[in-house]
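First up is the structure itself, then whatever we jot down about it.
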There are 2 protein chains.
Amino acid sequence: MISKKPIRRREDRSDQTQKRILRAAVREFSTHGLSGARTDRIAESAKVNKALLYYYFKSKQGLYAAAVENVAARVVENALTGFDPKYSAGEMLLRSALNHFDRILTQREFQSLLQQEMIRFRSGKGGSIPVLFRTAFAPLIQKMREAVETGTRTGELCRMDWLQVVYSIFGANVFYFLSAPMMELALPVEPFAPKVLKQRREIAVQFLGSALFTDRVAGAKLADRILCEMPMPRVTNVQARIEDFHARRKTL
Amino acid sequence: MISKKPIRRREDRSDQTQKRILRAAVREFSTHGLSGARTDRIAESAKVNKALLYYYFKSKQGLYAAAVENVAARVVENALTGFDPKYSAGEMLLRSALNHFDRILTQREFQSLLQQEMIRFRSGKGGSIPVLFRTAFAPLIQKMREAVETGTRTGELCRMDWLQVVYSIFGANVFYFLSAPMMELALPVEPFAPKVLKQRREIAVQFLGSALFTDRVAGAKLADRILCEMPMPRVTNVQARIEDFHARRKTL
DNA sequence: TACTTTTAACTAACCAGTTAATCAATGATA
DNA sequence: TATCATTGATTAACTGGTTAGTTAAAAGTA
């Protein structure tokens, strides 16, 4: 933003504008949905002419697909960290819960896009769900299943349905962020304030610790230890949040 | 559908067409979103002229608002059943979890609309969230909070953050239905098959029973008892499911 | 007749996608 | 190394189909 040295090499320049378009597209699609998004708005926010969108991504659909893939790729990389075999099964689960929370926190657009894709998929159109599923989702729940099964076999965890564990972990996190706008109206706190987020994150893991483990106290202790080792990431996405804020102001 | 006796009274006739429009609108908006929905399609599916939509509901936005309110109203009525003071705090919570599951199951459109409204709300525009919040959401979580607090005071429930309980209960249910289309790709089962639904519903309550209660075994037993008293409702919405099916076929 | 409900046909705006022309690196040539 | 055709990147202006919303008249009911 600040450095104004013009890019000389043609390729680099083109790459950069493509990235700019993609960033703008992710923002637009995640806040307005596929049909609500406006190509003019994307072009304007990427500071390029609208025709460029079609030059690089042939159609609105194409741009949308590229946007979804782009965010998905960013997610996949760190989805499986935490399943290091040096950890016990229970620890893997708690770590993946934290991982999931942090991922939603740092990549909010992904969540919006994913939810919208889910609705689209349910009402018939193929969309990107199958791809997302194969690349991001399937490997993760497979790992979780294995962890629950070994955990119950060794007696570390309570005897329980592995799917229910998946639903509990993901569900609580997803619902937290999903319901945040509404909760904002209910509670005397701002759900996206760093302090509140941090506390929520801790409580969620502690809850899992005492809900999943045979030895409740040991589970809670383990949760505390992991929390020390995995501090909450800083939310770097400041620019987007500022833009959000202004968009909000304008429409009030 | 079958009975063809024409309605004589003007008022009744008008009422009925309004309802037909509203039903069609709910279907259209919940599958396509506000901006994806087409007024022509709503009119056609309600078997009225498009101008009637504007006669009764002045604008697309107005129709949308009416649709959301309509579904919300249906939800509110049975949200608070289960908080009968004759039950213990723990029982209230388990019952409300089942209630919530059944509500999503029988009124799927509400969920879609609500989620879309949540995204809309986050990205600035007021929408119906504040209304929905006051009428449906706030009273419910208030009751849940009270239940958790009395439950922990009496020692029936584990000492835990009441909000975390809310997130766990709602989260698991919401996430089950939200992720169902994706899970369909992951699992060898159809998540909307009555048998699968029934099993999931049971496991979810049993999980809560042993996660929330100080006495895990007692919690699980209570869950079983409640499950007997609250059998899964039949999904009456056959027409919508058939239409869904056909819509799906067409777009493949 | 007087009033409400419903319709066919229309319009104005919007918006995805196109076109043809311009601009600026690049690399070949003398 | 100065020149210039080539090619990729970018734009302003346009187009045509779509869609929310209107109007004026017809049909139905009290």
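Each chain in the structure tokens gets a letter, A, B and so on, in the order shown; residues start at 1 in every chain, and ligands are counted from 1 in the order they appear.
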Transformed chain B, reference chain A, in-order C-alpha pairing, as a PDB file with C-alpha atoms, in the first residue's frame:
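Printed below is part-v9.pdb as written:
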ATOM      1  CA  MET B   1      -0.387  -0.052  -0.429  1.00  0.00           C
ATOM      2  CA  ILE B   2       2.282   2.448   0.484  1.00  0.00           C
ATOM      3  CA  SER B   3       5.177   1.259  -1.668  1.00  0.00           C
ATOM      4  CA  LYS B   4       4.715   2.758  -5.121  1.00  0.00           C
ATOM      5  CA  LYS B   5       7.636   1.214  -7.013  1.00  0.00           C
ATOM      6  CA  PRO B   6       6.045  -0.019 -10.248  1.00  0.00           C
ATOM      7  CA  ILE B   7       6.429  -3.702 -10.945  1.00  0.00           C
ATOM      8  CA  ARG B   8       8.527  -4.161 -14.047  1.00  0.00           C
ATOM      9  CA  ARG B   9       8.253  -7.813 -14.989  1.00  0.00           C
ATOM     10  CA  ARG B  10       5.109  -8.476 -16.988  1.00  0.00           C
ATOM     11  CA  GLU B  11       4.455 -11.825 -15.337  1.00  0.00           C
ATOM     12  CA  ASP B  12       4.714 -10.430 -11.830  1.00  0.00           C
ATOM     13  CA  ARG B  13       2.444  -7.549 -12.656  1.00  0.00           C
ATOM     14  CA  SER B  14      -0.188  -9.850 -14.097  1.00  0.00           C
ATOM     15  CA  ASP B  15       0.095 -12.161 -11.115  1.00  0.00           C
ATOM     16  CA  GLN B  16      -0.408  -9.323  -8.739  1.00  0.00           C
ATOM     17  CA  THR B  17      -3.526  -8.011 -10.425  1.00  0.00           C
ATOM     18  CA  GLN B  18      -4.955 -11.508 -10.472  1.00  0.00           C
ATOM     19  CA  LYS B  19      -4.364 -11.737  -6.751  1.00  0.00           C
ATOM     20  CA  ARG B  20      -5.936  -8.326  -6.236  1.00  0.00           C
ATOM     21  CA  ILE B  21      -9.003  -9.431  -8.155  1.00  0.00           C
ATOM     22  CA  LEU B  22      -9.201 -12.655  -6.192  1.00  0.00           C
ATOM     23  CA  ARG B  23      -8.954 -10.872  -2.870  1.00  0.00           C
ATOM     24  CA  ALA B  24     -11.693  -8.463  -3.841  1.00  0.00           C
ATOM     25  CA  ALA B  25     -13.821 -11.342  -5.107  1.00  0.00           C
ATOM     26  CA  VAL B  26     -13.474 -13.261  -1.862  1.00  0.00           C
ATOM     27  CA  ARG B  27     -14.613 -10.215   0.080  1.00  0.00           C
ATOM     28  CA  GLU B  28     -17.543  -9.516  -2.192  1.00  0.00           C
ATOM     29  CA  PHE B  29     -18.764 -13.106  -2.496  1.00  0.00           C
ATOM     30  CA  SER B  30     -18.451 -13.838   1.201  1.00  0.00           C
ATOM     31  CA  THR B  31     -20.485 -10.821   2.229  1.00  0.00           C
ATOM     32  CA  HIS B  32     -23.093 -10.873  -0.556  1.00  0.00           C
ATOM     33  CA  GLY B  33     -23.266 -14.430  -1.832  1.00  0.00           C
ATOM     34  CA  LEU B  34     -22.889 -15.549  -5.429  1.00  0.00           C
ATOM     35  CA  SER B  35     -26.017 -13.881  -6.740  1.00  0.00           C
ATOM     36  CA  GLY B  36     -25.789 -10.838  -4.505  1.00  0.00           C
ATOM     37  CA  ALA B  37     -22.217 -10.075  -5.532  1.00  0.00           C
ATOM     38  CA  ARG B  38     -21.696  -7.409  -8.224  1.00  0.00           C
ATOM     39  CA  THR B  39     -18.886  -7.729 -10.734  1.00  0.00           C
ATOM     40  CA  ASP B  40     -18.629  -3.944 -11.002  1.00  0.00           C
ATOM     41  CA  ARG B  41     -18.060  -3.720  -7.279  1.00  0.00           C
ATOM     42  CA  ILE B  42     -15.361  -6.400  -7.425  1.00  0.00           C
ATOM     43  CA  ALA B  43     -13.600  -4.584 -10.252  1.00  0.00           C
ATOM     44  CA  GLU B  44     -13.801  -1.263  -8.491  1.00  0.00           C
ATOM     45  CA  SER B  45     -12.536  -2.661  -5.214  1.00  0.00           C
ATOM     46  CA  ALA B  46      -9.649  -4.392  -7.028  1.00  0.00           C
ATOM     47  CA  LYS B  47      -8.970  -1.152  -8.906  1.00  0.00           C
ATOM     48  CA  VAL B  48      -9.125  -2.795 -12.336  1.00  0.00           C
ATOM     49  CA  ASN B  49     -11.440  -2.602 -15.262  1.00  0.00           C
ATOM     50  CA  LYS B  50     -14.320  -5.041 -15.159  1.00  0.00           C
ATOM     51  CA  ALA B  51     -13.251  -6.656 -18.423  1.00  0.00           C
ATOM     52  CA  LEU B  52     -10.149  -7.919 -16.668  1.00  0.00           C
ATOM     53  CA  LEU B  53     -12.266 -10.195 -14.497  1.00  0.00           C
ATOM     54  CA  TYR B  54     -13.433 -11.894 -17.681  1.00  0.00           C
ATOM     55  CA  TYR B  55      -9.968 -11.880 -19.181  1.00  0.00           C
ATOM     56  CA  TYR B  56      -8.577 -13.828 -16.247  1.00  0.00           C
ATOM     57  CA  PHE B  57     -11.592 -15.786 -15.038  1.00  0.00           C
ATOM     58  CA  LYS B  58     -13.921 -16.121 -18.059  1.00  0.00           C
ATOM     59  CA  SER B  59     -17.178 -15.674 -16.069  1.00  0.00           C
ATOM     60  CA  LYS B  60     -18.677 -14.666 -12.746  1.00  0.00           C
ATOM     61  CA  GLN B  61     -19.101 -18.334 -11.901  1.00  0.00           C
ATOM     62  CA  GLY B  62     -15.478 -18.937 -12.792  1.00  0.00           C
ATOM     63  CA  LEU B  63     -14.368 -16.139 -10.530  1.00  0.00           C
ATOM     64  CA  TYR B  64     -16.548 -17.487  -7.778  1.00  0.00           C
ATOM     65  CA  ALA B  65     -15.084 -20.966  -8.127  1.00  0.00           C
ATOM     66  CA  ALA B  66     -11.583 -19.510  -8.063  1.00  0.00           C
ATOM     67  CA  ALA B  67     -12.434 -17.543  -4.928  1.00  0.00           C
ATOM     68  CA  VAL B  68     -13.741 -20.605  -3.123  1.00  0.00           C
ATOM     69  CA  GLU B  69     -10.749 -22.701  -4.131  1.00  0.00           C
ATOM     70  CA  ASN B  70      -8.409 -19.942  -3.081  1.00  0.00           C
ATOM     71  CA  VAL B  71      -9.794 -19.760   0.440  1.00  0.00           C
ATOM     72  CA  ALA B  72     -10.033 -23.510   0.688  1.00  0.00           C
ATOM     73  CA  ALA B  73      -6.371 -23.893  -0.184  1.00  0.00           C
ATOM     74  CA  ARG B  74      -5.389 -21.542   2.613  1.00  0.00           C
ATOM     75  CA  VAL B  75      -7.453 -23.624   4.995  1.00  0.00           C
ATOM     76  CA  VAL B  76      -6.204 -27.050   4.017  1.00  0.00           C
ATOM     77  CA  GLU B  77      -2.577 -26.389   4.804  1.00  0.00           C
ATOM     78  CA  ASN B  78      -2.975 -26.083   8.562  1.00  0.00           C
ATOM     79  CA  ALA B  79      -6.022 -28.293   9.041  1.00  0.00           C
ATOM     80  CA  LEU B  80      -3.979 -31.368   9.768  1.00  0.00           C
ATOM     81  CA  THR B  81      -1.373 -29.901  12.056  1.00  0.00           C
ATOM     82  CA  GLY B  82      -2.003 -31.169  15.558  1.00  0.00           C
ATOM     83  CA  PHE B  83      -2.381 -34.763  14.485  1.00  0.00           C
ATOM     84  CA  ASP B  84       1.279 -35.394  15.172  1.00  0.00           C
ATOM     85  CA  PRO B  85       1.657 -39.018  16.376  1.00  0.00           C
ATOM     86  CA  LYS B  86       3.702 -37.821  19.336  1.00  0.00           C
ATOM     87  CA  TYR B  87       0.434 -36.704  20.953  1.00  0.00           C
ATOM     88  CA  SER B  88      -2.116 -38.955  22.615  1.00  0.00           C
ATOM     89  CA  ALA B  89      -5.468 -39.442  20.875  1.00  0.00           C
ATOM     90  CA  GLY B  90      -7.203 -37.150  23.335  1.00  0.00           C
ATOM     91  CA  GLU B  91      -4.603 -34.448  22.879  1.00  0.00           C
ATOM     92  CA  MET B  92      -4.993 -34.640  19.113  1.00  0.00           C
ATOM     93  CA  LEU B  93      -8.699 -33.985  19.450  1.00  0.00           C
ATOM     94  CA  LEU B  94      -8.301 -31.035  21.783  1.00  0.00           C
ATOM     95  CA  ARG B  95      -5.638 -29.588  19.524  1.00  0.00           C
ATOM     96  CA  SER B  96      -7.796 -29.976  16.437  1.00  0.00           C
ATOM     97  CA  ALA B  97     -10.627 -28.231  18.243  1.00  0.00           C
ATOM     98  CA  LEU B  98      -8.372 -25.269  18.936  1.00  0.00           C
ATOM     99  CA  ASN B  99      -7.073 -25.366  15.395  1.00  0.00           C
ATOM    100  CA  HIS B 100     -10.572 -25.254  14.050  1.00  0.00           C
ATOM    101  CA  PHE B 101     -11.498 -22.326  16.248  1.00  0.00           C
ATOM    102  CA  ASP B 102      -8.418 -20.411  15.180  1.00  0.00           C
ATOM    103  CA  ARG B 103      -9.046 -21.138  11.539  1.00  0.00           C
ATOM    104  CA  ILE B 104     -12.546 -19.727  11.642  1.00  0.00           C
ATOM    105  CA  LEU B 105     -11.246 -16.772  13.575  1.00  0.00           C
ATOM    106  CA  THR B 106      -8.482 -15.899  11.153  1.00  0.00           C
ATOM    107  CA  GLN B 107     -10.316 -16.830   7.950  1.00  0.00           C
ATOM    108  CA  ARG B 108     -13.834 -15.668   8.421  1.00  0.00           C
ATOM    109  CA  GLU B 109     -14.543 -15.396   4.697  1.00  0.00           C
ATOM    110  CA  PHE B 110     -14.055 -19.113   4.299  1.00  0.00           C
ATOM    111  CA  GLN B 111     -16.858 -19.780   6.739  1.00  0.00           C
ATOM    112  CA  SER B 112     -19.292 -17.505   4.933  1.00  0.00           C
ATOM    113  CA  LEU B 113     -18.463 -18.973   1.566  1.00  0.00           C
ATOM    114  CA  LEU B 114     -18.667 -22.506   2.859  1.00  0.00           C
ATOM    115  CA  GLN B 115     -22.059 -21.990   4.435  1.00  0.00           C
ATOM    116  CA  GLN B 116     -23.453 -20.452   1.301  1.00  0.00           C
ATOM    117  CA  GLU B 117     -22.047 -23.273  -0.777  1.00  0.00           C
ATOM    118  CA  MET B 118     -23.726 -25.727   1.568  1.00  0.00           C
ATOM    119  CA  ILE B 119     -27.122 -24.153   0.963  1.00  0.00           C
ATOM    120  CA  ARG B 120     -26.491 -23.988  -2.769  1.00  0.00           C
ATOM    121  CA  PHE B 121     -25.434 -27.594  -2.789  1.00  0.00           C
ATOM    122  CA  ARG B 122     -28.495 -28.733  -0.886  1.00  0.00           C
ATOM    123  CA  SER B 123     -30.766 -27.050  -3.379  1.00  0.00           C
ATOM    124  CA  GLY B 124     -29.359 -28.937  -6.320  1.00  0.00           C
ATOM    125  CA  LYS B 125     -26.493 -27.166  -7.994  1.00  0.00           C
ATOM    126  CA  GLY B 126     -23.171 -28.953  -7.786  1.00  0.00           C
ATOM    127  CA  GLY B 127     -20.896 -26.050  -6.922  1.00  0.00           C
ATOM    128  CA  SER B 128     -17.575 -26.547  -5.176  1.00  0.00           C
ATOM    129  CA  ILE B 129     -18.700 -28.745  -2.321  1.00  0.00           C
ATOM    130  CA  PRO B 130     -17.386 -32.010  -3.747  1.00  0.00           C
ATOM    131  CA  VAL B 131     -13.958 -30.480  -4.321  1.00  0.00           C
ATOM    132  CA  LEU B 132     -13.862 -28.857  -0.909  1.00  0.00           C
ATOM    133  CA  PHE B 133     -14.937 -32.080   0.611  1.00  0.00           C
ATOM    134  CA  ARG B 134     -12.187 -34.140  -0.925  1.00  0.00           C
ATOM    135  CA  THR B 135      -9.385 -31.662  -0.328  1.00  0.00           C
ATOM    136  CA  ALA B 136     -10.262 -30.253   3.069  1.00  0.00           C
ATOM    137  CA  PHE B 137     -12.960 -32.067   4.909  1.00  0.00           C
ATOM    138  CA  ALA B 138     -12.551 -35.779   4.342  1.00  0.00           C
ATOM    139  CA  PRO B 139      -8.913 -36.110   5.483  1.00  0.00           C
ATOM    140  CA  LEU B 140      -9.696 -34.152   8.630  1.00  0.00           C
ATOM    141  CA  ILE B 141     -12.675 -36.153   9.846  1.00  0.00           C
ATOM    142  CA  GLN B 142     -10.822 -39.343   8.987  1.00  0.00           C
ATOM    143  CA  LYS B 143      -8.050 -38.331  11.371  1.00  0.00           C
ATOM    144  CA  MET B 144     -10.581 -37.421  14.021  1.00  0.00           C
ATOM    145  CA  ARG B 145     -12.299 -40.745  13.696  1.00  0.00           C
ATOM    146  CA  GLU B 146      -9.047 -42.589  14.184  1.00  0.00           C
ATOM    147  CA  ALA B 147      -8.235 -40.486  17.216  1.00  0.00           C
ATOM    148  CA  VAL B 148     -11.583 -41.177  18.887  1.00  0.00           C
ATOM    149  CA  GLU B 149     -11.305 -44.863  18.193  1.00  0.00           C
ATOM    150  CA  THR B 150      -7.797 -45.261  19.580  1.00  0.00           C
ATOM    151  CA  GLY B 151      -8.685 -43.013  22.494  1.00  0.00           C
ATOM    152  CA  THR B 152     -11.619 -45.154  23.527  1.00  0.00           C
ATOM    153  CA  ARG B 153      -9.620 -48.343  22.987  1.00  0.00           C
ATOM    154  CA  THR B 154      -6.841 -47.220  25.291  1.00  0.00           C
ATOM    155  CA  GLY B 155      -9.364 -46.007  27.841  1.00  0.00           C
ATOM    156  CA  GLU B 156      -8.219 -42.386  27.675  1.00  0.00           C
ATOM    157  CA  LEU B 157     -11.584 -41.285  26.333  1.00  0.00           C
ATOM    158  CA  CYS B 158     -15.161 -42.176  27.219  1.00  0.00           C
ATOM    159  CA  ARG B 159     -16.858 -44.758  25.085  1.00  0.00           C
ATOM    160  CA  MET B 160     -18.768 -42.683  22.540  1.00  0.00           C
ATOM    161  CA  ASP B 161     -19.808 -42.310  18.943  1.00  0.00           C
ATOM    162  CA  TRP B 162     -16.949 -40.767  16.973  1.00  0.00           C
ATOM    163  CA  LEU B 163     -19.288 -38.742  14.772  1.00  0.00           C
ATOM    164  CA  GLN B 164     -20.848 -37.186  17.818  1.00  0.00           C
ATOM    165  CA  VAL B 165     -17.414 -35.969  18.834  1.00  0.00           C
ATOM    166  CA  VAL B 166     -16.924 -34.417  15.416  1.00  0.00           C
ATOM    167  CA  TYR B 167     -20.300 -32.702  15.654  1.00  0.00           C
ATOM    168  CA  SER B 168     -19.567 -31.433  19.154  1.00  0.00           C
ATOM    169  CA  ILE B 169     -16.183 -29.977  18.321  1.00  0.00           C
ATOM    170  CA  PHE B 170     -17.021 -28.405  14.978  1.00  0.00           C
ATOM    171  CA  GLY B 171     -20.563 -27.557  15.974  1.00  0.00           C
ATOM    172  CA  ALA B 172     -19.708 -25.486  19.009  1.00  0.00           C
ATOM    173  CA  ASN B 173     -17.072 -23.506  17.107  1.00  0.00           C
ATOM    174  CA  VAL B 174     -19.132 -22.945  13.990  1.00  0.00           C
ATOM    175  CA  PHE B 175     -22.151 -21.992  16.008  1.00  0.00           C
ATOM    176  CA  TYR B 176     -20.189 -19.522  18.081  1.00  0.00           C
ATOM    177  CA  PHE B 177     -19.212 -17.480  15.064  1.00  0.00           C
ATOM    178  CA  LEU B 178     -22.467 -18.074  13.254  1.00  0.00           C
ATOM    179  CA  SER B 179     -24.570 -16.826  16.127  1.00  0.00           C
ATOM    180  CA  ALA B 180     -22.234 -14.032  17.160  1.00  0.00           C
ATOM    181  CA  PRO B 181     -24.256 -11.232  15.540  1.00  0.00           C
ATOM    182  CA  MET B 182     -27.322 -12.396  17.402  1.00  0.00           C
ATOM    183  CA  MET B 183     -25.466 -12.985  20.639  1.00  0.00           C
ATOM    184  CA  GLU B 184     -24.248  -9.441  20.426  1.00  0.00           C
ATOM    185  CA  LEU B 185     -27.854  -8.429  20.995  1.00  0.00           C
ATOM    186  CA  ALA B 186     -28.277 -10.863  23.874  1.00  0.00           C
ATOM    187  CA  LEU B 187     -25.166 -10.360  25.916  1.00  0.00           C
ATOM    188  CA  PRO B 188     -23.521  -7.345  27.481  1.00  0.00           C
ATOM    189  CA  VAL B 189     -20.330  -8.241  25.615  1.00  0.00           C
ATOM    190  CA  GLU B 190     -18.926  -7.882  22.108  1.00  0.00           C
ATOM    191  CA  PRO B 191     -18.349 -11.492  20.879  1.00  0.00           C
ATOM    192  CA  PHE B 192     -15.495 -10.442  18.599  1.00  0.00           C
ATOM    193  CA  ALA B 193     -13.521  -8.551  21.197  1.00  0.00           C
ATOM    194  CA  PRO B 194     -10.143 -10.266  21.663  1.00  0.00           C
ATOM    195  CA  LYS B 195     -10.700 -10.800  25.375  1.00  0.00           C
ATOM    196  CA  VAL B 196     -14.086 -12.409  24.872  1.00  0.00           C
ATOM    197  CA  LEU B 197     -12.773 -14.582  22.061  1.00  0.00           C
ATOM    198  CA  LYS B 198      -9.868 -15.723  24.172  1.00  0.00           C
ATOM    199  CA  GLN B 199     -12.118 -16.674  27.050  1.00  0.00           C
ATOM    200  CA  ARG B 200     -14.567 -18.514  24.818  1.00  0.00           C
ATOM    201  CA  ARG B 201     -11.744 -20.437  23.219  1.00  0.00           C
ATOM    202  CA  GLU B 202     -10.452 -21.538  26.607  1.00  0.00           C
ATOM    203  CA  ILE B 203     -13.817 -22.532  27.965  1.00  0.00           C
ATOM    204  CA  ALA B 204     -14.623 -24.540  24.850  1.00  0.00           C
ATOM    205  CA  VAL B 205     -11.473 -26.661  25.171  1.00  0.00           C
ATOM    206  CA  GLN B 206     -11.891 -27.113  28.886  1.00  0.00           C
ATOM    207  CA  PHE B 207     -15.441 -28.271  28.303  1.00  0.00           C
ATOM    208  CA  LEU B 208     -14.222 -30.843  25.797  1.00  0.00           C
ATOM    209  CA  GLY B 209     -11.503 -31.914  28.194  1.00  0.00           C
ATOM    210  CA  SER B 210     -13.968 -32.778  30.893  1.00  0.00           C
ATOM    211  CA  ALA B 211     -16.649 -34.104  28.531  1.00  0.00           C
ATOM    212  CA  LEU B 212     -14.557 -36.517  26.470  1.00  0.00           C
ATOM    213  CA  PHE B 213     -12.020 -37.891  28.897  1.00  0.00           C
ATOM    214  CA  THR B 214     -12.650 -40.785  31.254  1.00  0.00           C
ATOM    215  CA  ASP B 215     -10.745 -38.905  33.903  1.00  0.00           C
ATOM    216  CA  ARG B 216     -12.435 -35.526  33.901  1.00  0.00           C
ATOM    217  CA  VAL B 217      -9.806 -33.813  35.987  1.00  0.00           C
ATOM    218  CA  ALA B 218      -6.970 -35.107  33.833  1.00  0.00           C
ATOM    219  CA  GLY B 219      -8.861 -33.961  30.741  1.00  0.00           C
ATOM    220  CA  ALA B 220      -9.245 -30.450  32.088  1.00  0.00           C
ATOM    221  CA  LYS B 221      -5.568 -30.328  33.055  1.00  0.00           C
ATOM    222  CA  LEU B 222      -4.520 -31.469  29.603  1.00  0.00           C
ATOM    223  CA  ALA B 223      -6.708 -28.754  28.125  1.00  0.00           C
ATOM    224  CA  ASP B 224      -4.940 -26.138  30.227  1.00  0.00           C
ATOM    225  CA  ARG B 225      -1.531 -27.395  29.145  1.00  0.00           C
ATOM    226  CA  ILE B 226      -2.460 -27.308  25.474  1.00  0.00           C
ATOM    227  CA  LEU B 227      -3.888 -23.821  25.833  1.00  0.00           C
ATOM    228  CA  CYS B 228      -0.503 -22.657  27.096  1.00  0.00           C
ATOM    229  CA  GLU B 229       1.248 -24.236  24.145  1.00  0.00           C
ATOM    230  CA  MET B 230      -1.223 -22.891  21.584  1.00  0.00           C
ATOM    231  CA  PRO B 231      -1.923 -19.243  22.332  1.00  0.00           C
ATOM    232  CA  MET B 232      -4.676 -17.525  20.392  1.00  0.00           C
ATOM    233  CA  PRO B 233      -3.418 -16.107  17.098  1.00  0.00           C
ATOM    234  CA  ARG B 234      -3.558 -12.388  16.526  1.00  0.00           C
ATOM    235  CA  VAL B 235      -6.247 -11.417  14.079  1.00  0.00           C
ATOM    236  CA  THR B 236      -4.233  -9.790  11.320  1.00  0.00           C
ATOM    237  CA  ASN B 237      -7.173  -9.033   9.113  1.00  0.00           C
ATOM    238  CA  VAL B 238      -7.386  -5.436  10.257  1.00  0.00           C
ATOM    239  CA  GLN B 239      -8.096  -3.953   6.848  1.00  0.00           C
ATOM    240  CA  ALA B 240     -11.147  -6.114   6.278  1.00  0.00           C
ATOM    241  CA  ARG B 241     -12.512  -5.261   9.706  1.00  0.00           C
ATOM    242  CA  ILE B 242     -12.150  -1.559   9.061  1.00  0.00           C
ATOM    243  CA  GLU B 243     -13.935  -1.882   5.728  1.00  0.00           C
ATOM    244  CA  ASP B 244     -16.658  -3.868   7.457  1.00  0.00           C
ATOM    245  CA  PHE B 245     -17.048  -1.095   9.919  1.00  0.00           C
ATOM    246  CA  HIS B 246     -17.406   1.556   7.268  1.00  0.00           C
ATOM    247  CA  ALA B 247     -19.846  -0.532   5.249  1.00  0.00           C
ATOM    248  CA  ARG B 248     -21.937  -0.868   8.391  1.00  0.00           C
ATOM    249  CA  ARG B 249     -21.910   2.854   9.082  1.00  0.00           C
ATOM    250  CA  LYS B 250     -23.004   3.723   5.576  1.00  0.00           C
ATOM    251  CA  THR B 251     -26.083   1.509   5.618  1.00  0.00           C
ATOM    252  CA  LEU B 252     -27.393   2.748   8.954  1.00  0.00           C
TER     253      LEU B 252
END
**Message:** Which residues are near DA30 in chain C? Cut-off 12 Å, only C-alpha atoms (C1' of nucleotides), ignore same chain within fewer than 5 positions. Put them as a PyMOL selection string.
**Reply:** chain D and resi 1-4
Please produce a file of those selected residues containing N, CA, C and O atoms (P, O5', C5', C4', C3', O3' and C1' of nucleotides), as a PDB file, in the first residue's frame.
ATOM      1  P    DT D   1      24.385   1.098 -25.069  1.00  0.00           P
ATOM      2  O5'  DT D   1      23.924   2.461 -25.707  1.00  0.00           O
ATOM      3  C5'  DT D   1      24.280   2.720 -27.110  1.00  0.00           C
ATOM      4  C4'  DT D   1      23.014   2.721 -27.949  1.00  0.00           C
ATOM      5  C3'  DT D   1      21.696   2.793 -27.157  1.00  0.00           C
ATOM      6  O3'  DT D   1      20.729   3.562 -27.881  1.00  0.00           O
ATOM      7  C1'  DT D   1      21.595   1.009 -28.593  1.00  0.00           C
ATOM      8  P    DA D   2      20.568   5.080 -27.565  1.00  0.00           P
ATOM      9  O5'  DA D   2      19.637   5.545 -28.771  1.00  0.00           O
ATOM     10  C5'  DA D   2      20.207   5.663 -30.075  1.00  0.00           C
ATOM     11  C4'  DA D   2      19.240   5.085 -31.097  1.00  0.00           C
ATOM     12  C3'  DA D   2      17.775   5.469 -30.883  1.00  0.00           C
ATOM     13  O3'  DA D   2      17.267   5.946 -32.119  1.00  0.00           O
ATOM     14  C1'  DA D   2      17.977   3.114 -31.080  1.00  0.00           C
ATOM     15  P    DT D   3      15.742   6.246 -32.357  1.00  0.00           P
ATOM     16  O5'  DT D   3      15.196   4.906 -32.972  1.00  0.00           O
ATOM     17  C5'  DT D   3      15.778   4.374 -34.185  1.00  0.00           C
ATOM     18  C4'  DT D   3      14.894   3.250 -34.705  1.00  0.00           C
ATOM     19  C3'  DT D   3      13.385   3.510 -34.607  1.00  0.00           C
ATOM     20  O3'  DT D   3      12.781   3.220 -35.871  1.00  0.00           O
ATOM     21  C1'  DT D   3      13.921   1.420 -33.611  1.00  0.00           C
ATOM     22  P    DC D   4      11.293   3.583 -36.151  1.00  0.00           P
ATOM     23  O5'  DC D   4      10.559   2.173 -36.047  1.00  0.00           O
ATOM     24  C5'  DC D   4      11.127   1.021 -36.683  1.00  0.00           C
ATOM     25  C4'  DC D   4      10.379  -0.225 -36.242  1.00  0.00           C
ATOM     26  C3'  DC D   4       8.870  -0.004 -36.038  1.00  0.00           C
ATOM     27  O3'  DC D   4       8.171  -1.140 -36.526  1.00  0.00           O
ATOM     28  C1'  DC D   4       9.800  -0.917 -34.092  1.00  0.00           C
TER      29       DC D   4
END
**Request:** Fewer than 5 positions away in the same chain doesn't count, so skip those; otherwise give me all residues within 12 Å of DT7 in chain D, counting only C-alpha atoms (C1' of nucleotides), as a list in words.
**Result:**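 The residues satisfying every condition are Arg10 of chain A; DA24, DA25, DT26 and DG27 of chain C.
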**Item:** Between C1' of DT23 in chain D and C1' of DA16 in chain C, distance in Å (one decimal)
**Value:**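 Separating C1' of DT23 in chain D from C1' of DA16 in chain C is a distance of 29.2 Å.
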**Request:** Select residues of chain D: the criterion is any atom within 10 Å of an atom of chain A, counting only C-alpha atoms (C1' of nucleotides); output as a PyMOL selection string.
**Result:** chain D and resi 8-12
